[in-house]
file query.txt (compact mmCIF, C-alpha atoms)
# COMPACT_ATOMS: atom_id res chain seq x y z
CA MET B 1 18.93 1.74 -26.80
CA LYS B 2 22.10 3.38 -25.46
CA GLU B 3 23.27 3.81 -29.06
CA GLU B 4 19.96 5.28 -30.23
CA VAL B 5 19.74 7.70 -27.32
CA LYS B 6 23.19 8.93 -28.33
CA ASN B 7 22.09 9.20 -31.99
CA GLY B 8 18.96 11.13 -31.01
CA HIS B 9 16.57 8.48 -32.35
CA ILE B 10 15.34 7.75 -28.83
CA THR B 11 14.63 10.36 -26.16
CA ILE B 12 14.73 9.46 -22.49
CA ASP B 13 15.32 12.64 -20.57
CA PRO B 14 16.92 12.61 -18.06
CA PHE B 15 18.80 9.49 -19.16
CA SER B 16 20.96 7.42 -16.89
CA LEU B 17 22.88 4.34 -18.05
CA ASP B 18 21.99 2.35 -14.95
CA GLN B 19 18.30 2.50 -15.85
CA VAL B 20 18.92 0.36 -18.96
CA ASN B 21 17.84 -3.31 -18.77
CA PRO B 22 18.60 -6.06 -21.30
CA ASN B 23 15.52 -5.09 -23.39
CA SER B 24 13.99 -2.02 -21.81
CA CYS B 25 14.69 1.17 -19.93
CA ASN B 26 13.32 1.93 -16.48
CA TYR B 27 11.32 5.07 -15.87
CA ARG B 28 10.50 6.82 -12.62
CA LEU B 29 7.27 8.14 -11.15
CA GLY B 30 6.66 11.88 -11.45
CA SER B 31 5.45 13.79 -8.41
CA VAL B 32 1.94 14.78 -9.59
CA LEU B 33 -0.92 12.36 -8.94
CA LYS B 34 -4.53 12.75 -9.99
CA VAL B 35 -6.89 10.98 -7.60
CA PHE B 36 -10.34 9.88 -8.77
CA ASP B 37 -12.94 12.04 -7.05
CA LYS B 38 -16.33 11.33 -8.62
CA PHE B 39 -18.18 10.41 -11.76
CA ASP B 40 -20.24 13.42 -12.82
CA GLY B 41 -22.62 11.41 -15.01
CA ASN B 42 -20.48 11.83 -18.12
CA LYS B 43 -16.89 11.54 -17.05
CA SER B 44 -14.58 10.97 -14.13
CA VAL B 45 -13.42 13.98 -12.17
CA PHE B 46 -9.95 13.86 -10.64
CA ARG B 47 -8.36 15.89 -7.87
CA GLU B 48 -4.68 16.73 -8.23
CA ILE B 49 -2.15 16.22 -5.44
CA LYS B 50 1.62 16.26 -5.09
CA ILE B 51 2.95 12.93 -3.84
CA PRO B 52 4.67 13.68 -0.52
CA GLU B 53 8.27 12.54 0.01
CA LYS B 54 7.06 10.21 2.77
CA GLY B 55 4.82 8.44 0.27
CA TYR B 56 1.13 8.19 -0.62
CA VAL B 57 -1.02 5.08 -0.17
CA LEU B 58 -3.14 4.02 -3.14
CA GLU B 59 -6.45 2.29 -2.46
CA PRO B 60 -7.41 -0.84 -4.38
CA ARG B 61 -10.01 -0.65 -7.17
CA LYS B 62 -9.51 3.03 -7.82
CA MET B 63 -7.78 4.52 -10.81
CA TYR B 64 -5.10 7.16 -10.52
CA LEU B 65 -3.34 9.20 -13.18
CA ALA B 66 0.33 10.10 -12.91
CA THR B 67 3.22 10.58 -15.33
CA THR B 68 6.69 9.29 -15.94
CA LYS B 69 9.35 11.58 -14.53
CA GLU B 70 11.24 11.26 -17.81
CA VAL B 71 10.28 12.64 -21.20
CA ILE B 72 10.10 9.50 -23.36
CA GLY B 73 9.79 9.30 -27.14
CA SER B 74 11.28 8.19 -30.41
CA SER B 75 11.40 9.47 -33.95
CA LYS B 76 12.20 5.98 -35.23
CA TYR B 77 10.71 3.28 -32.99
CA ALA B 78 7.29 2.39 -31.63
CA MET B 79 7.20 1.96 -27.88
CA SER B 80 5.62 -0.28 -25.32
CA LEU B 81 5.13 1.20 -21.89
CA ILE B 82 4.87 -1.46 -19.24
CA GLY B 83 5.45 -1.93 -15.55
CA ARG B 84 8.35 -3.71 -13.92
CA SER B 85 8.01 -7.24 -12.69
CA SER B 86 8.93 -5.96 -9.21
CA MET B 87 5.84 -3.74 -9.14
CA GLY B 88 3.67 -6.31 -10.94
CA ARG B 89 4.54 -8.71 -8.11
CA TYR B 90 2.80 -6.22 -5.81
CA GLY B 91 -0.25 -6.04 -8.08
CA LEU B 92 0.39 -2.54 -9.40
CA PHE B 93 -0.92 -1.84 -12.92
CA LEU B 94 0.84 1.05 -14.71
CA GLN B 95 -1.56 1.25 -17.63
CA CYS B 96 -5.00 -0.09 -18.58
CA SER B 97 -4.28 -2.26 -21.65
CA ALA B 98 -2.94 0.79 -23.53
CA ASN B 99 0.76 0.07 -23.70
CA LEU B 100 1.45 1.19 -27.27
CA GLY B 101 3.44 4.38 -27.72
CA HIS B 102 3.29 5.83 -31.19
CA THR B 103 6.42 6.55 -33.18
CA THR B 104 7.25 10.31 -33.10
CA SER B 105 5.31 11.00 -29.88
CA LYS B 106 7.52 12.46 -27.15
CA HIS B 107 6.38 13.43 -23.67
CA LYS B 108 6.04 12.45 -20.05
CA TRP B 109 3.67 9.53 -20.43
CA THR B 110 0.45 9.51 -18.47
CA LEU B 111 0.26 6.38 -16.34
CA GLU B 112 -3.12 4.81 -15.59
CA ILE B 113 -2.41 3.32 -12.19
CA VAL B 114 -4.58 0.64 -10.58
CA ALA B 115 -3.56 -1.10 -7.36
CA ALA B 116 -4.76 -4.64 -6.63
CA MET B 117 -3.64 -4.17 -3.00
CA PRO B 118 -3.07 -1.02 -0.92
CA ILE B 119 0.44 0.18 -1.75
CA LYS B 120 2.58 3.17 -0.88
CA LEU B 121 4.20 5.09 -3.74
CA TYR B 122 7.08 7.55 -3.50
CA PRO B 123 7.84 10.38 -5.94
CA GLY B 124 10.82 9.56 -8.16
CA MET B 125 10.77 5.82 -7.47
CA ILE B 126 11.63 3.47 -10.30
CA ILE B 127 8.21 2.17 -11.19
CA GLY B 128 8.08 0.89 -14.77
CA GLN B 129 9.87 0.30 -18.02
CA VAL B 130 9.60 1.11 -21.70
CA SER B 131 10.71 -1.05 -24.64
CA PHE B 132 11.32 0.01 -28.24
CA TRP B 133 10.14 -1.78 -31.38
CA LYS B 134 11.27 -1.53 -34.97
CA ASN B 135 8.64 -0.42 -37.45
CA TYR B 136 7.73 -2.30 -40.59
CA GLY B 137 6.46 0.14 -43.23
CA SER B 138 6.81 3.88 -43.65
CA VAL B 139 5.98 6.08 -40.66
CA GLU B 140 3.32 8.81 -40.56
CA LYS B 141 3.90 11.43 -37.91
CA TYR B 142 1.79 11.00 -34.78
CA SER B 143 -1.18 13.36 -34.87
CA GLY B 144 -2.96 12.47 -31.63
CA ARG B 145 -3.86 14.79 -28.80
CA TYR B 146 -1.96 13.13 -25.97
CA GLY B 147 1.52 12.49 -27.31
CA PHE B 148 3.00 15.88 -26.43
CA LEU B 149 1.52 16.46 -22.97
CA ASN B 150 3.66 16.37 -19.85
CA HIS B 151 0.96 16.45 -17.17
CA PRO B 152 -1.30 13.54 -16.10
CA GLN B 153 -4.11 13.89 -18.63
CA GLU B 154 -7.65 12.62 -18.27
CA SER B 155 -9.35 11.08 -21.28
CA PHE B 156 -10.51 13.33 -24.11
CA ALA B 157 -12.61 10.46 -25.50
CA LEU B 158 -16.01 11.96 -24.72
CA ASP B 159 -15.13 15.63 -25.07
CA LYS B 160 -16.66 15.99 -28.49
CA GLN B 161 -19.84 14.51 -29.86
CA GLU B 162 -18.16 13.41 -33.10
CA ASN B 163 -15.82 11.18 -31.13
CA TYR B 164 -18.66 8.79 -30.41
CA ASP B 165 -20.59 9.20 -33.63
CA PRO B 166 -20.45 5.71 -35.22
CA ASN B 167 -20.58 7.27 -38.71
CA ARG B 168 -17.51 9.39 -38.07
CA LYS B 169 -14.92 9.21 -40.83
CA MET H 1 9.72 -10.28 -35.24
CA ILE H 2 7.86 -13.03 -33.42
CA LEU H 3 8.75 -16.71 -33.60
CA THR H 4 6.23 -19.19 -34.95
CA GLY H 5 5.38 -22.36 -33.06
CA ASN H 6 7.48 -24.40 -35.47
CA LYS H 7 10.47 -22.13 -34.92
CA ILE H 8 10.04 -22.41 -31.14
CA ILE H 9 10.22 -26.25 -31.46
CA GLU H 10 13.36 -25.91 -33.59
CA GLU H 11 15.06 -23.56 -31.12
CA VAL H 12 14.15 -25.71 -28.10
CA GLU H 13 15.78 -28.61 -29.91
CA SER H 14 18.86 -26.53 -30.79
CA GLY H 15 19.15 -25.26 -27.20
CA LYS H 16 18.57 -21.59 -28.00
CA ILE H 17 15.31 -21.64 -26.06
CA GLU H 18 14.85 -23.35 -22.72
CA ILE H 19 11.42 -24.81 -21.89
CA THR H 20 11.59 -27.64 -19.35
CA PRO H 21 9.61 -29.85 -19.31
CA PHE H 22 8.75 -29.44 -22.99
CA ASP H 23 5.74 -31.03 -24.66
CA LYS H 24 5.24 -30.43 -28.40
CA ASN H 25 1.47 -30.67 -27.95
CA ARG H 26 1.52 -27.39 -26.08
CA ILE H 27 2.94 -25.44 -28.99
CA THR H 28 0.50 -22.99 -30.55
CA THR H 29 0.84 -20.96 -33.74
CA ASN H 30 3.01 -18.32 -32.04
CA SER H 31 3.52 -19.43 -28.46
CA TYR H 32 3.91 -22.21 -25.92
CA ASP H 33 1.29 -22.90 -23.22
CA LEU H 34 2.40 -22.69 -19.58
CA SER H 35 0.80 -24.62 -16.73
CA LEU H 36 0.14 -23.42 -13.19
CA GLY H 37 2.39 -24.81 -10.44
CA GLU H 38 0.97 -25.78 -7.05
CA THR H 39 2.52 -23.05 -4.88
CA ILE H 40 0.78 -19.72 -4.29
CA ILE H 41 2.11 -16.70 -2.40
CA ARG H 42 -0.24 -14.37 -0.58
CA TYR H 43 1.06 -11.14 0.96
CA LYS H 44 0.22 -10.52 4.57
CA ALA H 45 0.41 -6.75 4.94
CA GLU H 46 -2.29 -4.15 5.32
CA VAL H 47 -0.37 -1.78 3.09
CA ILE H 48 2.52 -2.72 0.84
CA ASP H 49 5.52 -0.45 1.29
CA PRO H 50 8.05 -1.08 -1.50
CA LYS H 51 10.82 0.19 0.79
CA VAL H 52 10.54 -2.76 3.15
CA GLU H 53 10.24 -6.52 2.80
CA THR H 54 6.57 -7.55 2.77
CA PRO H 55 5.58 -10.61 4.85
CA TYR H 56 3.80 -13.38 2.96
CA GLU H 57 2.56 -16.94 3.28
CA GLU H 58 2.98 -19.86 0.90
CA ILE H 59 -0.06 -21.99 0.16
CA LYS H 60 -0.32 -25.26 -1.81
CA ILE H 61 -3.27 -25.43 -4.18
CA PRO H 62 -5.20 -28.60 -3.26
CA SER H 63 -6.00 -31.03 -6.09
CA ASP H 64 -9.68 -30.03 -5.86
CA GLY H 65 -8.71 -26.43 -6.48
CA MET H 66 -8.60 -23.10 -4.73
CA VAL H 67 -10.98 -20.17 -5.19
CA LEU H 68 -9.73 -16.66 -5.80
CA ASN H 69 -12.40 -14.16 -4.85
CA GLN H 70 -13.15 -11.06 -6.84
CA GLY H 71 -10.34 -8.57 -6.23
CA ASP H 72 -7.89 -11.15 -4.84
CA PHE H 73 -4.25 -10.77 -5.80
CA VAL H 74 -1.74 -13.62 -5.33
CA LEU H 75 1.46 -14.85 -6.95
CA GLY H 76 1.67 -18.19 -8.72
CA HIS H 77 4.30 -19.81 -10.89
CA SER H 78 4.73 -21.85 -14.04
CA ASN H 79 5.68 -25.51 -13.78
CA GLU H 80 8.01 -24.90 -16.70
CA ARG H 81 11.47 -23.40 -16.47
CA ILE H 82 11.79 -20.97 -19.37
CA GLY H 83 14.41 -18.61 -20.77
CA SER H 84 16.58 -17.73 -23.73
CA ASP H 85 19.91 -16.04 -24.38
CA PHE H 86 18.87 -15.36 -28.00
CA TYR H 87 15.19 -14.33 -27.95
CA VAL H 88 13.03 -12.14 -25.72
CA PRO H 89 10.20 -14.05 -24.02
CA MET H 90 6.86 -12.34 -23.33
CA ILE H 91 4.10 -13.68 -21.09
CA HIS H 92 0.45 -13.54 -22.11
CA GLY H 93 -2.72 -14.91 -20.61
CA LYS H 94 -4.54 -17.57 -22.55
CA SER H 95 -7.77 -16.22 -23.91
CA GLY H 96 -9.62 -18.88 -21.89
CA THR H 97 -8.04 -17.50 -18.72
CA ALA H 98 -8.84 -13.91 -19.64
CA ARG H 99 -12.47 -14.81 -20.37
CA MET H 100 -12.76 -15.75 -16.68
CA GLY H 101 -11.55 -12.25 -15.79
CA LEU H 102 -8.17 -13.45 -14.55
CA PHE H 103 -4.99 -11.46 -15.16
CA VAL H 104 -1.81 -13.57 -15.19
CA HIS H 105 0.54 -10.60 -15.06
CA VAL H 106 0.13 -7.01 -13.97
CA THR H 107 1.51 -4.87 -16.81
CA ALA H 108 4.80 -6.78 -16.63
CA ASP H 109 4.85 -9.09 -19.63
CA LEU H 110 8.45 -8.65 -20.71
CA ILE H 111 11.07 -11.19 -19.61
CA ASP H 112 14.66 -10.03 -19.92
CA ILE H 113 16.83 -11.85 -22.38
CA GLY H 114 19.16 -14.14 -20.41
CA SER H 115 16.69 -14.61 -17.57
CA HIS H 116 16.07 -18.30 -16.80
CA GLY H 117 13.75 -19.90 -14.29
CA VAL H 118 10.11 -20.66 -13.63
CA THR H 119 8.09 -17.53 -14.21
CA THR H 120 6.05 -15.85 -11.49
CA PHE H 121 2.40 -15.22 -12.38
CA GLN H 122 0.77 -12.10 -10.94
CA LEU H 123 -2.76 -13.41 -10.54
CA TYR H 124 -5.48 -10.79 -10.20
CA ALA H 125 -9.08 -11.99 -10.23
CA THR H 126 -11.78 -9.62 -11.46
CA LEU H 127 -14.39 -12.37 -10.92
CA PRO H 128 -14.40 -15.36 -8.58
CA VAL H 129 -12.36 -18.14 -10.20
CA ARG H 130 -11.29 -21.64 -9.15
CA LEU H 131 -7.69 -22.55 -9.88
CA TYR H 132 -6.33 -26.07 -10.17
CA PRO H 133 -2.68 -27.09 -10.14
CA GLY H 134 -1.49 -27.94 -13.65
CA ILE H 135 -4.13 -26.00 -15.61
CA LEU H 136 -2.90 -24.31 -18.76
CA ILE H 137 -3.14 -20.72 -17.65
CA ALA H 138 -0.70 -18.63 -19.70
CA GLN H 139 1.48 -18.66 -22.77
CA VAL H 140 4.94 -17.45 -23.68
CA SER H 141 5.98 -15.98 -27.02
CA PHE H 142 9.52 -15.29 -28.24
CA TRP H 143 10.75 -12.19 -30.06
CA VAL H 144 13.91 -11.46 -32.06
CA PRO H 145 15.97 -8.67 -30.42
CA PHE H 146 17.57 -5.83 -32.36
CA GLY H 147 21.03 -4.71 -31.17
CA ASP H 148 23.85 -6.17 -29.10
CA ILE H 149 22.71 -8.45 -26.31
CA VAL H 150 23.63 -7.96 -22.67
CA LEU H 151 22.21 -10.85 -20.67
CA TYR H 152 20.06 -10.47 -17.57
CA LYS H 153 21.84 -10.88 -14.24
CA GLY H 154 19.05 -9.70 -11.97
CA LYS H 155 17.63 -10.66 -8.63
CA TYR H 156 14.97 -13.08 -9.89
CA GLN H 157 17.41 -15.32 -11.84
CA ASN H 158 16.95 -19.11 -11.45
CA SER H 159 13.60 -18.91 -9.67
CA THR H 160 12.21 -22.32 -8.73
CA GLY H 161 8.84 -21.12 -7.41
CA PRO H 162 6.83 -17.90 -7.10
CA ARG H 163 9.07 -15.01 -6.07
CA PRO H 164 7.71 -12.07 -4.09
CA SER H 165 8.80 -8.57 -5.08
CA MET H 166 12.23 -7.50 -3.91
CA THR H 167 11.93 -3.75 -4.49
CA TYR H 168 13.36 -3.15 -1.00
CA LYS H 169 16.71 -4.14 -2.49
CA ASP H 170 16.39 -1.43 -5.16
CA PHE H 171 15.63 1.17 -2.52
CA LYS H 172 18.85 0.29 -0.72
CA TYR H 173 20.89 1.02 -3.81
CA ASP H 174 19.39 3.25 -6.43
CA ILE H 175 16.13 4.84 -5.42
CA PHE H 176 15.71 8.60 -5.49
CA LYS H 177 18.60 9.04 -7.83
CA LYS H 178 18.75 12.75 -8.38
CA ASP H 179 19.06 14.02 -11.93

call {"tool": "encode", "arguments": {"input": "query.txt", "output": "structure tokens"}}
result
Amino acid sequence: MKEEVKNGHITIDPFSLDQVNPNSCNYRLGSVLKVFDKFDGNKSVFREIKIPEKGYVLEPRKMYLATTKEVIGSSKYAMSLIGRSSMGRYGLFLQCSANLGHTTSKHKWTLEIVAAMPIKLYPGMIIGQVSFWKNYGSVEKYSGRYGFLNHPQESFALDKQENYDPNRK
Amino acid sequence: MILTGNKIIEEVESGKIEITPFDKNRITTNSYDLSLGETIIRYKAEVIDPKVETPYEEIKIPSDGMVLNQGDFVLGHSNERIGSDFYVPMIHGKSGTARMGLFVHVTADLIDIGSHGVTTFQLYATLPVRLYPGILIAQVSFWVPFGDIVLYKGKYQNSTGPRPSMTYKDFKYDIFKKD
């Protein structure tokens, strides 16, 4: 990873050598948090807050959106965005079974945070890790809607009728 | 690249993979089944603050089982000591476990290369579930790394039972690193 950051094939910005693990790189929590407010009948509505320096307590069984503090991406590798065992041991989910980062996407990843127990989070704390995977086959450039956004982003899944048309090509 | 069950057997025999105790019958096509040890850790704090050590209690699962209620979160451990200095282990639930709504890890499936010990399960129940000591609850797969290997020397090395989070140690040293 250190080598590929230097070669420009992996972006982790800002990058610090002491965040590198044997098979992954740690990322930190950005300072913007979107807190679930209500379900409006079609989709969830979130309220945006800035996580105070003294910390913010998450409630169990709610879902929060945040981002990595770092811009993370790769032109060459696929990525897996996971938590750290230290946070998993507190019951903190960093994503909802959507760990796969597409090759060529590059942004501050949106984290889908779920707490099994009440837990206090601090802005900038080391909260998760990302690993990089070699591709097998030629790579098509990522063409999704999320992979370039740097703000916690709610789902676009139901924005357009064609997205849930079963006959969609 | 992921190892097949046959390759896992070969590498346990050659010493490149540690699984102790090892039973060939627990090999699957691409993994090895892990059983649940008898010790459970339950945190005893209203709110977890990663900056400070969280109090907890240790409980033994009785032979007639222990019920996790919906929403309960506890730590368990594998009976097996696992690790490798050559391959990267990853923890997965067994599909039978998942079908009961039980998570065995909380978005932390990756085990560092060079880490050895019994693994800590992060057990989160989305439905009530009864756990028994020794049930096959999870599985471990092994992956070929790409690049030079630097072995793990972290704070959870050589675990012999469930290990609570030690983030308070991180906060002492490297938290809030400024850019």

call {"tool": "closest_residue", "arguments": {"input": "query.txt", "among": "B:Leu92, B:Ala98, B:Leu149, B:Val20", "to": "chain H", "atoms": "all atoms listed in the file"}}
result
B:Leu92

call {"tool": "interface_residues", "arguments": {"input": "query.txt", "of": "chain B", "to": "chain H", "cutoff": "7 Å", "atoms": "only C-alpha atoms", "output": "PyMOL selection string"}}
result
chain B and resi 14+22-23+82-95+116+118-120+124-126

call {"tool": "atom_distance", "arguments": {"input": "query.txt", "atom1": "CA of Glu154 (chain B)", "atom2": "CA of Asn42 (chain B)"}}
result
12.9 Å

call {"tool": "residues_around", "arguments": {"input": "query.txt", "residues": "region 64-67 of chain B", "least_positions_apart": "6", "cutoff": "10 Å", "atoms": "only C-alpha atoms", "output": "ChimeraX atom specification"}}
result
/B:27-37,46-49,51,58,94-95,107-115,149-154

call {"tool": "atom_distance", "arguments": {"input": "query.txt", "atom1": "CA of Ile2 (chain H)", "atom2": "CA of Val140 (chain H)"}}
result
11.1 Å

call {"tool": "atom_distance", "arguments": {"input": "query.txt", "atom1": "CA of Gly101 (chain B)", "atom2": "CA of Asn21 (chain B)"}}
result
18.6 Å

call {"tool": "residues_around", "arguments": {"input": "query.txt", "residues": "Asn30 (chain H)", "least_positions_apart": "4", "cutoff": "8 Å", "atoms": "only C-alpha atoms", "output": "list in words"}}
result
Ile2, Leu3, Thr4, Gly5 and Ser141 of chain H

call {"tool": "closest_residue", "arguments": {"input": "query.txt", "among": "B:Pro52, B:Gly41, B:Gly137, B:Gly73", "to": "Asp13 (chain B)", "atoms": "only C-alpha atoms"}}
result
B:Gly73

call {"tool": "closest_residue", "arguments": {"input": "query.txt", "among": "B:Lys76, B:Ser97, B:Lys2, B:Met117", "to": "Val139 (chain B)", "atoms": "only C-alpha atoms"}}
result
B:Lys76

call {"tool": "residues_around", "arguments": {"input": "query.txt", "residues": "Asp23 (chain H)", "least_positions_apart": "3", "cutoff": "12 Å", "atoms": "all atoms listed in the file", "output": "VMD selection string"}}
result
chain H and resid 8 to 9 12 to 13 19 to 20 26 to 28 32 to 35 80

call {"tool": "closest_residue", "arguments": {"input": "query.txt", "among": "H:Val144, H:Leu136, H:Val118, H:Ile61", "to": "Gly93 (chain H)", "atoms": "only C-alpha atoms"}}
result
H:Leu136

call {"tool": "axis_aligned_box", "arguments": {"input": "query.txt", "around": "region 43-55 of chain B", "padding_each_side": "6 Å", "output": "lines of an AutoDock Vina configuration file"}}
result
center_x = -4.3
center_y = 12.6
center_z = -7.1
size_x = 37.2
size_y = 20.3
size_z = 31.8
